[in-house]
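Data block for start_22.cif (mmCIF, C-alpha atoms):
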```cif
data_model
loop_
_atom_site.label_atom_id
_atom_site.label_comp_id
_atom_site.auth_asym_id
_atom_site.auth_seq_id
_atom_site.Cartn_x
_atom_site.Cartn_y
_atom_site.Cartn_z
CA MET S 1112 104.76 106.06 159.76
CA ASN S 1113 107.12 103.42 158.45
CA ARG S 1114 106.07 99.83 158.38
CA PRO S 1115 108.07 97.87 160.98
CA TYR S 1116 108.10 94.65 158.96
CA THR S 1117 111.63 93.32 158.45
CA THR S 1118 112.99 90.86 155.92
CA GLN S 1119 116.37 90.55 157.61
CA THR S 1120 117.44 86.93 157.92
CA GLN S 1121 118.26 85.88 161.47
CA GLU S 1122 118.54 82.56 163.20
CA ARG S 1123 115.35 81.24 164.67
CA ASP S 1124 113.38 78.01 164.90
CA ASP S 1125 110.74 77.98 162.15
CA THR S 1126 109.63 74.42 162.82
CA GLN S 1127 108.15 74.86 166.32
CA CYS S 1128 104.41 75.59 166.30
CA LEU S 1129 103.48 78.95 167.83
CA ILE S 1130 100.39 77.50 169.52
CA CYS S 1131 101.29 74.04 170.86
CA GLY S 1132 105.09 74.01 170.54
CA THR S 1133 105.22 70.83 168.44
CA ARG S 1134 108.17 70.57 166.05
CA ASN S 1135 107.21 70.08 162.41
CA GLU S 1136 108.99 69.40 159.14
CA ASP S 1137 110.57 72.42 157.49
CA ALA S 1138 107.99 72.44 154.67
CA ALA S 1139 104.93 71.87 156.89
CA VAL S 1140 101.95 74.12 156.12
CA GLN S 1141 99.99 73.28 159.25
CA CYS S 1142 101.08 71.87 162.59
CA ILE S 1143 100.77 68.09 162.63
CA GLU S 1144 99.45 68.23 166.21
CA CYS S 1145 97.02 71.16 166.41
CA SER S 1146 96.58 72.26 162.74
CA ALA S 1147 97.64 75.87 163.42
CA PRO S 1148 99.30 77.42 160.34
CA MET S 1149 103.08 77.35 160.46
CA ALA S 1150 103.07 80.68 158.62
CA LEU S 1151 102.41 82.29 162.02
CA VAL S 1152 106.01 81.45 162.91
CA ARG S 1153 107.65 81.97 159.52
CA ASP S 1154 106.01 85.37 158.97
CA GLY S 1155 107.08 86.68 162.37
CA THR S 1156 108.49 90.19 162.18
CA ASP S 1157 110.80 89.84 165.18
CA PRO S 1158 113.05 86.76 165.19
CA GLN S 1159 113.84 87.33 168.88
CA SER S 1160 110.24 87.12 170.10
CA ARG S 1161 106.99 85.50 169.08
CA PRO S 1162 103.65 87.29 168.60
CA LYS S 1163 101.11 87.45 171.39
CA VAL S 1164 97.86 85.53 171.03
CA VAL S 1165 94.46 87.11 171.73
CA THR S 1166 91.60 84.59 171.68
CA ILE S 1167 87.94 85.33 170.95
CA LEU S 1168 85.68 82.73 172.53
CA GLY S 1169 81.92 82.30 172.42
CA ASP S 1170 79.07 79.88 171.96
CA SER S 1171 77.73 78.88 168.54
CA ASN S 1172 75.80 81.68 166.76
CA VAL S 1173 76.93 84.38 169.20
CA GLY S 1174 78.63 86.26 166.34
CA LYS S 1175 82.38 85.62 166.78
CA THR S 1176 83.20 85.66 163.06
CA VAL S 1177 81.15 88.81 162.41
CA TYR S 1178 82.73 90.55 165.40
CA LEU S 1179 86.28 89.61 164.38
CA GLY S 1180 85.75 90.57 160.75
CA PHE S 1181 84.43 94.04 161.58
CA LEU S 1182 87.10 94.55 164.24
CA LEU S 1183 89.91 93.81 161.78
CA ASP S 1184 88.25 95.99 159.14
CA MET S 1185 88.05 98.96 161.51
CA LEU S 1186 91.69 98.53 162.48
CA SER S 1187 92.95 98.14 158.91
CA GLN S 1188 91.09 101.27 157.75
CA HIS S 1189 92.82 103.35 160.46
CA THR S 1190 89.46 104.77 161.53
CA THR S 1191 90.67 104.84 165.14
CA ASP S 1192 93.82 105.70 167.05
CA TYR S 1193 95.17 102.27 166.15
CA GLN S 1194 97.05 101.36 162.99
CA ALA S 1195 97.00 97.72 161.93
CA ILE S 1196 98.98 95.96 159.22
CA PRO S 1197 98.14 92.38 158.17
CA ILE S 1198 101.07 90.00 157.93
CA GLY S 1199 100.41 87.39 155.27
CA ALA S 1200 97.52 87.37 152.79
CA TYR S 1201 95.73 84.68 154.83
CA SER S 1202 95.23 87.27 157.60
CA VAL S 1203 92.75 89.17 155.41
CA ASN S 1204 90.47 86.16 154.75
CA VAL S 1205 88.13 86.52 157.73
CA GLN S 1206 87.83 90.28 157.18
CA GLN S 1207 87.02 89.84 153.49
CA ASN S 1208 84.61 87.00 154.23
CA VAL S 1209 82.57 89.08 156.69
CA ILE S 1210 82.54 92.36 154.76
CA SER S 1211 81.63 90.77 151.41
CA HIS S 1212 78.76 88.74 152.89
CA MET S 1213 77.34 91.58 154.99
CA ALA S 1214 77.47 93.90 151.96
CA CYS S 1215 75.17 91.41 150.23
CA ARG S 1216 72.89 91.31 153.30
CA MET S 1217 73.95 87.83 154.31
CA PHE S 1218 75.65 86.52 157.41
CA PRO S 1219 78.93 84.71 156.69
CA PRO S 1220 78.81 80.90 156.75
CA LYS S 1221 79.48 79.16 160.05
CA THR S 1222 83.10 78.41 160.86
CA PRO S 1223 83.78 74.68 160.25
CA MET S 1224 84.47 72.49 163.27
CA GLU S 1225 87.67 71.15 161.69
CA ALA S 1226 90.62 73.14 163.07
CA ASP S 1227 92.51 72.94 159.76
CA GLN S 1228 89.76 75.05 158.14
CA TRP S 1229 89.73 77.92 160.65
CA HIS S 1230 90.82 81.40 159.64
CA TRP S 1231 93.79 82.95 161.45
CA ALA S 1232 94.66 86.64 161.47
CA TYR S 1233 98.22 87.87 162.14
CA TYR S 1234 98.39 91.66 162.55
CA GLN S 1235 100.83 94.27 163.72
CA ILE S 1236 99.08 96.85 165.92
CA CYS S 1237 100.29 100.34 166.82
CA LYS S 1238 98.52 103.17 168.63
CA ARG S 1239 99.07 106.20 166.43
CA THR S 1240 98.71 108.85 169.13
CA SER S 1241 101.53 107.55 171.32
CA ARG S 1242 104.72 109.62 171.35
CA LYS S 1243 106.79 106.50 170.84
CA GLU S 1244 105.91 103.92 168.22
CA GLU S 1245 105.34 100.63 170.00
CA TRP S 1246 104.26 97.86 167.67
CA LEU S 1247 102.57 94.75 168.97
CA ASP S 1248 102.33 91.53 166.97
CA LEU S 1249 98.98 89.82 167.55
CA VAL S 1250 97.57 86.50 166.38
CA ILE S 1251 93.77 86.10 166.55
CA PRO S 1252 92.07 82.84 165.47
CA ASP S 1253 88.45 82.44 164.38
CA ILE S 1254 87.34 79.41 166.41
CA ALA S 1255 84.13 77.46 165.70
CA GLY S 1256 81.60 77.61 168.53
CA GLU S 1257 80.76 73.92 168.07
CA SER S 1258 84.44 73.07 168.56
CA LEU S 1259 84.50 75.03 171.81
CA THR S 1260 81.41 73.17 173.02
CA ALA S 1261 83.00 69.82 172.19
CA GLU S 1262 86.22 70.79 173.98
CA LEU S 1263 84.36 71.92 177.09
CA ALA S 1264 82.47 68.61 177.18
CA ASN S 1265 85.61 66.49 176.63
CA PRO S 1266 88.88 68.39 177.29
CA ASN S 1267 91.70 67.77 174.80
CA THR S 1268 89.25 66.85 172.02
CA PHE S 1269 90.74 69.87 170.23
CA ARG S 1270 94.41 70.18 171.18
CA VAL S 1271 94.58 73.62 169.54
CA ILE S 1272 91.91 75.05 171.90
CA ASN S 1273 93.68 73.70 174.96
CA SER S 1274 96.98 75.17 173.75
CA LEU S 1275 95.33 78.51 172.89
CA ALA S 1276 93.83 78.78 176.37
CA GLY S 1277 97.26 78.37 177.92
CA LYS S 1278 99.14 80.47 175.34
CA SER S 1279 96.76 83.45 175.16
CA ALA S 1280 97.90 86.81 176.49
CA GLY S 1281 94.32 88.12 176.47
CA MET S 1282 90.79 86.87 175.90
CA LEU S 1283 87.45 88.23 174.71
CA LEU S 1284 84.50 86.16 175.94
CA LEU S 1285 81.45 86.84 173.74
CA LEU S 1286 78.00 86.15 175.21
CA ASP S 1287 74.49 86.41 173.73
CA ALA S 1288 72.88 89.34 175.56
CA PRO S 1289 69.31 88.96 174.17
CA GLN S 1290 69.21 85.32 175.24
CA ALA S 1291 70.26 86.28 178.75
CA ALA S 1292 67.76 89.17 178.88
CA ASN S 1293 64.97 86.79 177.84
CA GLY S 1294 65.70 84.48 180.75
CA SER S 1295 67.76 81.80 179.02
CA SER S 1296 70.47 80.25 181.21
CA GLN S 1297 72.54 79.08 178.20
CA PRO S 1298 74.86 82.14 177.98
CA ASP S 1299 75.39 82.05 181.74
CA PHE S 1300 76.32 78.37 181.83
CA PHE S 1301 78.53 78.67 178.74
CA GLY S 1302 80.47 81.51 180.36
CA VAL S 1303 80.86 79.56 183.60
CA LYS S 1304 82.11 76.50 181.71
CA MET S 1305 84.55 78.60 179.71
CA LEU S 1306 86.03 80.32 182.76
CA THR S 1307 86.22 77.03 184.67
CA TYR S 1308 88.05 75.50 181.70
CA LEU S 1309 90.43 78.47 181.64
CA ASP S 1310 91.00 78.11 185.37
CA ALA S 1311 91.96 74.45 184.93
CA VAL S 1312 94.32 75.14 182.02
CA HIS S 1313 96.16 77.83 183.98
CA ARG S 1314 96.17 75.56 187.05
CA ALA S 1315 95.51 78.51 189.33
CA ASP S 1316 95.20 77.59 193.00
CA ARG S 1317 92.27 78.74 195.10
CA ARG S 1318 94.30 81.49 196.78
CA SER S 1319 95.20 83.27 193.53
CA ARG S 1320 93.28 84.51 190.50
CA VAL S 1321 93.89 84.17 186.78
CA GLN S 1322 95.52 87.44 185.76
CA MET S 1323 95.04 87.17 181.99
CA PRO S 1324 93.10 90.25 180.74
CA THR S 1325 89.57 89.05 180.05
CA ALA S 1326 86.89 91.18 178.37
CA VAL S 1327 83.33 89.91 178.79
CA VAL S 1328 81.49 91.19 175.71
CA LEU S 1329 77.68 91.25 175.59
CA CYS S 1330 76.91 90.76 171.89
CA LYS S 1331 73.78 91.70 169.88
CA ALA S 1332 73.18 94.49 172.38
CA ASP S 1333 71.08 96.37 169.82
CA MET S 1334 68.28 93.95 170.78
CA CYS S 1335 68.52 94.92 174.47
CA PRO S 1336 69.90 98.49 174.62
CA GLU S 1337 70.10 98.46 178.43
CA CYS S 1338 73.37 96.56 177.97
CA PHE S 1339 75.04 99.74 176.75
CA ASP S 1340 73.92 101.73 179.80
CA ASP S 1341 75.73 99.52 182.31
CA PRO S 1342 77.28 96.23 181.07
CA ARG S 1343 78.51 95.34 184.56
CA HIS S 1344 75.05 95.68 186.09
CA PHE S 1345 73.45 93.76 183.21
CA THR S 1346 75.91 90.90 183.74
CA GLU S 1347 75.35 90.88 187.49
CA VAL S 1348 71.57 90.72 187.08
CA ASN S 1349 71.18 88.44 184.04
CA LEU S 1350 74.36 86.33 184.22
CA SER S 1351 74.75 85.96 187.97
CA ARG S 1352 76.66 82.66 187.90
CA LEU S 1353 79.23 84.10 185.52
CA TRP S 1354 79.39 87.35 187.50
CA ASN S 1355 80.17 85.52 190.76
CA LEU S 1356 82.85 83.40 189.10
CA CYS S 1357 84.47 86.46 187.52
CA GLN S 1358 84.68 88.16 190.92
CA SER S 1359 86.23 85.13 192.62
CA ARG S 1360 88.56 83.73 189.92
CA LEU S 1361 89.60 86.55 187.56
CA GLY S 1362 92.03 89.23 188.63
CA ASN S 1363 91.74 91.41 185.51
CA VAL S 1364 88.26 91.49 183.97
CA GLU S 1365 86.07 94.18 182.41
CA PHE S 1366 82.58 94.17 180.89
CA PHE S 1367 81.45 95.60 177.54
CA ALA S 1368 78.45 95.66 175.20
CA CYS S 1369 78.58 95.67 171.41
CA SER S 1370 76.43 95.30 168.31
CA ALA S 1371 77.13 95.04 164.59
CA VAL S 1372 73.72 94.80 162.91
CA GLY S 1373 71.40 97.80 162.73
CA SER S 1374 68.23 95.91 161.81
CA LEU S 1375 67.17 92.40 160.91
CA ALA S 1376 64.55 90.90 158.61
CA TYR S 1377 63.47 87.27 158.49
CA ALA S 1378 62.85 85.28 155.33
CA THR S 1379 61.48 81.85 154.52
CA SER S 1380 59.99 79.97 151.57
CA PRO S 1381 57.47 77.17 151.01
CA GLU S 1382 60.32 74.74 150.32
CA GLU S 1383 62.05 75.44 153.64
CA ASP S 1384 60.93 74.77 157.18
CA PHE S 1385 63.24 77.28 158.87
CA VAL S 1386 63.54 81.06 159.04
CA THR S 1387 66.65 82.83 157.77
CA PRO S 1388 67.75 86.12 159.40
CA ILE S 1389 68.71 88.85 156.94
CA PRO S 1390 70.98 91.73 158.12
CA LEU S 1391 69.50 94.79 156.44
CA HIS S 1392 72.32 97.12 157.40
CA THR S 1393 75.26 97.37 159.79
CA ALA S 1394 75.53 99.82 162.67
CA LEU S 1395 78.76 99.17 164.55
CA ARG S 1396 78.79 100.10 168.21
CA GLY S 1397 81.18 99.01 170.95
CA VAL S 1398 83.23 96.75 168.66
CA LEU S 1399 86.64 98.30 169.26
CA GLU S 1400 86.43 99.13 172.98
CA PRO S 1401 86.92 95.60 174.43
CA PHE S 1402 89.83 94.93 172.09
CA GLU S 1403 91.47 98.26 172.98
CA TRP S 1404 91.12 97.45 176.69
CA VAL S 1405 92.76 94.03 176.26
CA VAL S 1406 95.63 95.45 174.17
CA GLN S 1407 96.30 98.13 176.79
CA GLN S 1408 96.71 95.40 179.43
CA LEU S 1409 99.35 93.46 177.43
#
```
Would you kindly transcribe this structure into structure tokens?
Amino acid sequence: MNRPYTTQTQERDDTQCLICGTRNEDAAVQCIECSAPMALVRDGTDPQSRPKVVTILGDSNVGKTVYLGFLLDMLSQHTTDYQAIPIGAYSVNVQQNVISHMACRMFPPKTPMEADQWHWAYYQICKRTSRKEEWLDLVIPDIAGESLTAELANPNTFRVINSLAGKSAGMLLLLDAPQAANGSSQPDFFGVKMLTYLDAVHRADRRSRVQMPTAVVLCKADMCPECFDDPRHFTEVNLSRLWNLCQSRLGNVEFFACSAVGSLAYATSPEEDFVTPIPLHTALRGVLEPFEWVVQQL
């Protein structure tokens, strides 16, 4: 299969940010308005169209970076029906960060709140089993959970998040399944806030629903295996507020469960007053399915 990347020079506007649309200087590295890398525009493989944006959203410590890193690693190794090619060396950073840390039995460091320090992945995706090669350019950012929380509390605190919500062609909403199973309302309320925010950005009226493909992903499902049996039922029972909002405001939503860590240990020391989780080994399950579903809807 030939790589579809083209180096042919054609006229296009390389100064307009892919995410917020702000015009920048020709030599700008990051957008002056939202801090998105301008390489997302300059590295585009099709001068006539811009790549689609798929956004992964979730609360702090839900596992967004780990999920994204393993997802990109599975795609780039061609272990599935999908073939993925990174565009730009920066696209490999989040994948390398996750794999190298997990190989050393450490979780990767938290994503900084500052938008100019986020990792961005630009990939070309193709399903290898299709009779006709149809390549899809996708941009996927690694957003800090604390930044999402700040934006939900005070909209437009992070211009890039507001622009991403309006620009995204698909969304994966990651929620902490063990917290929900243990009776915590935090995942439920976070999901409701996120969907309400999305509703406001898309300015959907009450008579219509947001049609953007949205995958609700129950993370850390290895700690509550019932998630895998029936993710929809688990969401309805344990995340009832979110479930009701999904039914009334989303026109294209599906529910999934996933896990990345096979077993955990916990470590501490006399000099520290907190416990550190140690991932003993990885056991990927349900990582690719929500992404595949979203891509098929685009």
Residue contacts of region 1323-1335 of chain S (8 Å, only C-alpha atoms) excluding same-chain residues fewer than 3 positions away, as an NGL selection string: :S and (1173-1174 or 1279-1289 or 1292 or 1338-1339 or 1342 or 1361-1373 or 1401-1402 or 1404-1405 or 1408-1409)
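When all atoms listed in the file are used to measure the gap to Gly1132 (chain S), the shortest distance among S:Gln1207, S:Ser1295, S:Leu1182, S:Val1271 belongs to S:Val1271.
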Run the PyMOL selection byres ((chain S and resi 1249) around 10) mentally over the shown coordinates, then write out the matched residues as a PyMOL selection string, using the chain letters and numbers from the document. chain S and resi 1151+1161-1166+1195+1197-1198+1232-1236+1246-1248+1250-1251+1280+1406
Can you work out the spacing between CA of His1189 (chain S) and CA of Cys1237 (chain S) in Å, to one decimal? 10.3 Å
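One distance worth recording is that between CA of Cys1357 (chain S) and CA of Gly1256 (chain S), which is 21.1 Å.
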What residues have an atom no more than 10 Å from (80.9, 83.2, 188.5) in the file's own frame, counting all atoms listed in the file, and can you write them as a PyMOL selection string? chain S and resi 1299-1300+1302-1304+1306-1307+1347+1350-1361
Restricted to C-alpha atoms, what would the selected residues look like written as an mmCIF file, keeping the file's coordinate frame?
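Below you can see again_13.cif, which holds the result:
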```cif
data_model
loop_
_atom_site.group_PDB
_atom_site.id
_atom_site.type_symbol
_atom_site.label_atom_id
_atom_site.label_comp_id
_atom_site.auth_asym_id
_atom_site.auth_seq_id
_atom_site.Cartn_x
_atom_site.Cartn_y
_atom_site.Cartn_z
ATOM 1 C CA ASP S 1299 75.390 82.050 181.740
ATOM 2 C CA PHE S 1300 76.320 78.370 181.830
ATOM 3 C CA GLY S 1302 80.470 81.510 180.360
ATOM 4 C CA VAL S 1303 80.860 79.560 183.600
ATOM 5 C CA LYS S 1304 82.110 76.500 181.710
ATOM 6 C CA LEU S 1306 86.030 80.320 182.760
ATOM 7 C CA THR S 1307 86.220 77.030 184.670
ATOM 8 C CA GLU S 1347 75.350 90.880 187.490
ATOM 9 C CA LEU S 1350 74.360 86.330 184.220
ATOM 10 C CA SER S 1351 74.750 85.960 187.970
ATOM 11 C CA ARG S 1352 76.660 82.660 187.900
ATOM 12 C CA LEU S 1353 79.230 84.100 185.520
ATOM 13 C CA TRP S 1354 79.390 87.350 187.500
ATOM 14 C CA ASN S 1355 80.170 85.520 190.760
ATOM 15 C CA LEU S 1356 82.850 83.400 189.100
ATOM 16 C CA CYS S 1357 84.470 86.460 187.520
ATOM 17 C CA GLN S 1358 84.680 88.160 190.920
ATOM 18 C CA SER S 1359 86.230 85.130 192.620
ATOM 19 C CA ARG S 1360 88.560 83.730 189.920
ATOM 20 C CA LEU S 1361 89.600 86.550 187.560
#
```
Would you kindly translate the PyMOL selection byres ((chain S and resi 1147) around 9) into the concrete residues it picks from this file, as a compact mmCIF listing (two decimals) with C-alpha atoms, in the coordinates of the input?
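Full text of expr_3.txt as output:
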```
# COMPACT_ATOMS: atom_id res chain seq x y z
CA CYS S 1128 104.41 75.59 166.30
CA LEU S 1129 103.48 78.95 167.83
CA ILE S 1130 100.39 77.50 169.52
CA CYS S 1131 101.29 74.04 170.86
CA VAL S 1140 101.95 74.12 156.12
CA GLN S 1141 99.99 73.28 159.25
CA CYS S 1142 101.08 71.87 162.59
CA ILE S 1143 100.77 68.09 162.63
CA GLU S 1144 99.45 68.23 166.21
CA CYS S 1145 97.02 71.16 166.41
CA SER S 1146 96.58 72.26 162.74
CA PRO S 1148 99.30 77.42 160.34
CA MET S 1149 103.08 77.35 160.46
CA ALA S 1150 103.07 80.68 158.62
CA LEU S 1151 102.41 82.29 162.02
CA ALA S 1226 90.62 73.14 163.07
CA ASP S 1227 92.51 72.94 159.76
CA TRP S 1229 89.73 77.92 160.65
CA TRP S 1231 93.79 82.95 161.45
CA VAL S 1271 94.58 73.62 169.54
```
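Here CA of Lys1278 (chain S) and CA of His1313 (chain S) stand 9.5 Å from one another.
When all atoms listed in the file are used to compute distances to Phe1301 (chain S), the closest of the residues S:Thr1126, S:Thr1222, S:Thr1268, S:Ser1171 turns out to be S:Ser1171.
Using all atoms listed in the file, the nearest neighbour of Tyr1193 (chain S) within the list S:Ala1276, S:Pro1252, S:Lys1175, S:Glu1245 is S:Glu1245.
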Could you check the closest approach to Gln1297 (chain S) for each of S:Phe1345, S:Val1209, S:Asp1170, S:Ala1394 and tell me which residue wins, using only C-alpha atoms? S:Asp1170
I'd like the neighbourhood of Asn1267 (chain S) as a tab-separated table (two decimals) with C-alpha atoms, in the frame of the given file, where a residue qualifies if any of its atoms comes within 12 Å (using all atoms listed in the file), though same-chain residues fewer than 3 positions away should be ignored.
```
chain	number	residue	atom	x	y	z
S	1144	GLU	CA	99.45	68.23	166.21
S	1145	CYS	CA	97.02	71.16	166.41
S	1258	SER	CA	84.44	73.07	168.56
S	1259	LEU	CA	84.50	75.03	171.81
S	1260	THR	CA	81.41	73.17	173.02
S	1261	ALA	CA	83.00	69.82	172.19
S	1262	GLU	CA	86.22	70.79	173.98
S	1263	LEU	CA	84.36	71.92	177.09
S	1264	ALA	CA	82.47	68.61	177.18
S	1270	ARG	CA	94.41	70.18	171.18
S	1271	VAL	CA	94.58	73.62	169.54
S	1272	ILE	CA	91.91	75.05	171.90
S	1273	ASN	CA	93.68	73.70	174.96
S	1274	SER	CA	96.98	75.17	173.75
S	1275	LEU	CA	95.33	78.51	172.89
S	1276	ALA	CA	93.83	78.78	176.37
S	1308	TYR	CA	88.05	75.50	181.70
S	1312	VAL	CA	94.32	75.14	182.02
```
Name the closest residue to Thr1387 (chain S) among the candidates S:Gln1206, S:Gly1277, S:Arg1216, S:Gln1322; distances are taken between atoms, counting only C-alpha atoms. S:Arg1216
Would you give the centre and edge lengths, in Å to one decimal, of a box along x, y and z around the listed atoms of region 1265-1268 of chain S, with 4 Å added to each side, as AutoDock Vina command-line options?
```
--center_x 88.7 --center_y 67.4 --center_z 174.7 --size_x 14.1 --size_y 9.9 --size_z 13.3
```
